[in-house]
Amino acid sequence: MSFKNLYLKRSYSSDSDDILNEFYLPVLENSISYSRLSGFFTSESLSLAARGIIGLIKNNGKMKLIVSPKLSYDDLITINNALQNPEKFLNDTLSKDLKLLEDEFLRDHLFALGWMIANKKT
């Protein structure tokens, strides 16, 4: 599917629209690049958007984030571990079976963040 096949509105309102399911997930599933500037990023948001992010990964896409310095301690530890010891997050089985990877992203947002960093998807 391409963006041309998606029904996208000109604008979305958090008061009346399900922005995650109506916009983010379908767009991410069809993307090859995702750039985001966020003042309130949390790694938990990766688990919310897991289905869309898996689509991005299937498309061999990459995510670029510019986020506030207010990351959790666990986020910082995971980012450092993924950069210094990427093998901890590299797993051939998960790389081959994206459904397992999606399930893992839903269960463990810190793993999702580490996996994306270690696999150079961020």
# chains A, B, ... in the order shown; residues from 1 in each chain; ligands from 1
>>> residues_around(residues="Leu65 in chain A", least_positions_apart="3", cutoff="7 Å", atoms="only C-alpha atoms", output="list of chain:residue names")
A:Ser35, A:Arg36, A:Leu37
>>> select_by_dssp(residues="range 32-112 of chain A", states="alpha helix (DSSP H)", output="PyMOL selection string")
chain A and resi 44-48+50-58+73-84+92-96+98-107+109-112
>>> write_last_selection(atoms="N, CA and C atoms", output="tab-separated table (two decimals), in the first residue's frame")
chain	number	residue	atom	x	y	z
A	44	GLU	N	7.90	4.48	26.18
A	44	GLU	CA	6.60	3.81	26.18
A	44	GLU	C	5.82	4.10	24.90
A	45	SER	N	6.07	5.26	24.30
A	45	SER	CA	5.37	5.60	23.06
A	45	SER	C	5.73	4.63	21.94
A	46	LEU	N	6.90	4.01	22.03
A	46	LEU	CA	7.27	3.01	21.02
A	46	LEU	C	6.35	1.80	21.09
A	47	SER	N	5.94	1.41	22.29
A	47	SER	CA	5.04	0.26	22.39
A	47	SER	C	3.66	0.62	21.88
A	48	LEU	N	3.23	1.85	22.05
A	48	LEU	CA	1.93	2.27	21.52
A	48	LEU	C	1.90	2.23	20.00
A	50	ALA	N	3.85	0.31	18.10
A	50	ALA	CA	4.62	-0.87	17.67
A	50	ALA	C	4.24	-1.35	16.27
A	51	ARG	N	2.95	-1.47	15.99
A	51	ARG	CA	2.54	-1.98	14.68
A	51	ARG	C	3.05	-1.08	13.55
A	52	GLY	N	2.96	0.22	13.75
A	52	GLY	CA	3.45	1.15	12.74
A	52	GLY	C	4.96	1.10	12.61
A	53	ILE	N	5.65	0.99	13.72
A	53	ILE	CA	7.12	0.95	13.70
A	53	ILE	C	7.60	-0.33	13.03
A	54	ILE	N	6.91	-1.44	13.24
A	54	ILE	CA	7.28	-2.68	12.57
A	54	ILE	C	7.14	-2.50	11.06
A	55	GLY	N	6.10	-1.80	10.61
A	55	GLY	CA	5.95	-1.50	9.19
A	55	GLY	C	7.13	-0.69	8.68
A	56	LEU	N	7.55	0.30	9.45
A	56	LEU	CA	8.72	1.10	9.10
A	56	LEU	C	9.95	0.21	8.96
A	57	ILE	N	10.13	-0.72	9.89
A	57	ILE	CA	11.27	-1.64	9.84
A	57	ILE	C	11.17	-2.57	8.63
A	58	LYS	N	9.96	-3.09	8.35
A	58	LYS	CA	9.78	-3.95	7.17
A	58	LYS	C	10.16	-3.21	5.89
A	73	TYR	N	15.74	7.35	33.61
A	73	TYR	CA	17.02	6.69	33.90
A	73	TYR	C	17.14	5.40	33.10
A	74	ASP	N	16.05	4.61	33.06
A	74	ASP	CA	16.06	3.36	32.29
A	74	ASP	C	16.27	3.61	30.81
A	75	ASP	N	15.67	4.68	30.27
A	75	ASP	CA	15.89	5.03	28.86
A	75	ASP	C	17.37	5.31	28.61
A	76	LEU	N	17.98	6.10	29.48
A	76	LEU	CA	19.40	6.44	29.32
A	76	LEU	C	20.29	5.20	29.39
A	77	ILE	N	20.01	4.32	30.34
A	77	ILE	CA	20.79	3.08	30.47
A	77	ILE	C	20.64	2.25	29.19
A	78	THR	N	19.42	2.13	28.68
A	78	THR	CA	19.16	1.34	27.47
A	78	THR	C	19.87	1.95	26.27
A	79	ILE	N	19.80	3.27	26.12
A	79	ILE	CA	20.48	3.93	25.00
A	79	ILE	C	21.98	3.67	25.07
A	80	ASN	N	22.58	3.83	26.24
A	80	ASN	CA	24.01	3.58	26.40
A	80	ASN	C	24.36	2.12	26.12
A	81	ASN	N	23.55	1.19	26.66
A	81	ASN	CA	23.82	-0.23	26.42
A	81	ASN	C	23.72	-0.58	24.93
A	82	ALA	N	22.73	-0.04	24.25
A	82	ALA	CA	22.55	-0.33	22.83
A	82	ALA	C	23.70	0.22	21.99
A	83	LEU	N	24.23	1.36	22.40
A	83	LEU	CA	25.36	1.95	21.67
A	83	LEU	C	26.66	1.23	21.97
A	84	GLN	N	26.87	0.85	23.24
A	84	GLN	CA	28.13	0.22	23.64
A	84	GLN	C	28.15	-1.28	23.42
A	92	ASP	N	19.08	-12.85	15.81
A	92	ASP	CA	18.69	-13.31	14.48
A	92	ASP	C	17.25	-13.78	14.42
A	93	THR	N	16.79	-14.48	15.44
A	93	THR	CA	15.42	-14.99	15.44
A	93	THR	C	14.42	-13.85	15.37
A	94	LEU	N	14.61	-12.83	16.20
A	94	LEU	CA	13.69	-11.71	16.18
A	94	LEU	C	13.79	-10.93	14.88
A	95	SER	N	14.98	-10.83	14.31
A	95	SER	CA	15.13	-10.11	13.07
A	95	SER	C	14.40	-10.81	11.93
A	96	LYS	N	14.35	-12.13	11.97
A	96	LYS	CA	13.70	-12.89	10.90
A	96	LYS	C	12.19	-12.93	11.06
A	98	LEU	N	9.21	-10.82	12.18
A	98	LEU	CA	8.78	-9.49	12.61
A	98	LEU	C	7.58	-9.53	13.54
A	99	LYS	N	6.78	-10.59	13.49
A	99	LYS	CA	5.65	-10.70	14.41
A	99	LYS	C	6.18	-10.86	15.84
A	100	LEU	N	7.21	-11.67	16.01
A	100	LEU	CA	7.83	-11.79	17.34
A	100	LEU	C	8.39	-10.45	17.79
A	101	LEU	N	9.00	-9.74	16.85
A	101	LEU	CA	9.57	-8.44	17.17
A	101	LEU	C	8.47	-7.47	17.59
A	102	GLU	N	7.34	-7.47	16.88
A	102	GLU	CA	6.23	-6.60	17.25
A	102	GLU	C	5.71	-6.94	18.64
A	103	ASP	N	5.58	-8.23	18.94
A	103	ASP	CA	5.13	-8.65	20.27
A	103	ASP	C	6.10	-8.18	21.34
A	104	GLU	N	7.40	-8.29	21.05
A	104	GLU	CA	8.42	-7.86	22.01
A	104	GLU	C	8.35	-6.34	22.21
A	105	PHE	N	8.13	-5.59	21.13
A	105	PHE	CA	8.00	-4.14	21.24
A	105	PHE	C	6.81	-3.77	22.12
A	106	LEU	N	5.71	-4.51	21.98
A	106	LEU	CA	4.52	-4.24	22.79
A	106	LEU	C	4.77	-4.53	24.26
A	107	ARG	N	5.53	-5.61	24.53
A	107	ARG	CA	5.79	-6.02	25.91
A	107	ARG	C	6.85	-5.16	26.59
A	109	HIS	N	9.06	-1.79	26.05
A	109	HIS	CA	9.41	-0.59	25.30
A	109	HIS	C	10.91	-0.27	25.38
A	110	LEU	N	11.57	-0.65	26.46
A	110	LEU	CA	13.00	-0.40	26.56
A	110	LEU	C	13.76	-1.30	25.59
A	111	PHE	N	13.31	-2.55	25.43
A	111	PHE	CA	13.91	-3.42	24.43
A	111	PHE	C	13.72	-2.82	23.04
A	112	ALA	N	12.53	-2.29	22.76
A	112	ALA	CA	12.25	-1.69	21.46
A	112	ALA	C	13.23	-0.56	21.16
>>> select_by_dssp(residues="range 9-48 of chain A", states="strand (DSSP E)", output="NGL selection string")
:A and (33-38)
>>> closest_residue(among="A:Asn85, A:Leu90, A:Gly39, A:Ala49", to="Lys70 in chain A", atoms="only C-alpha atoms")
A:Gly39
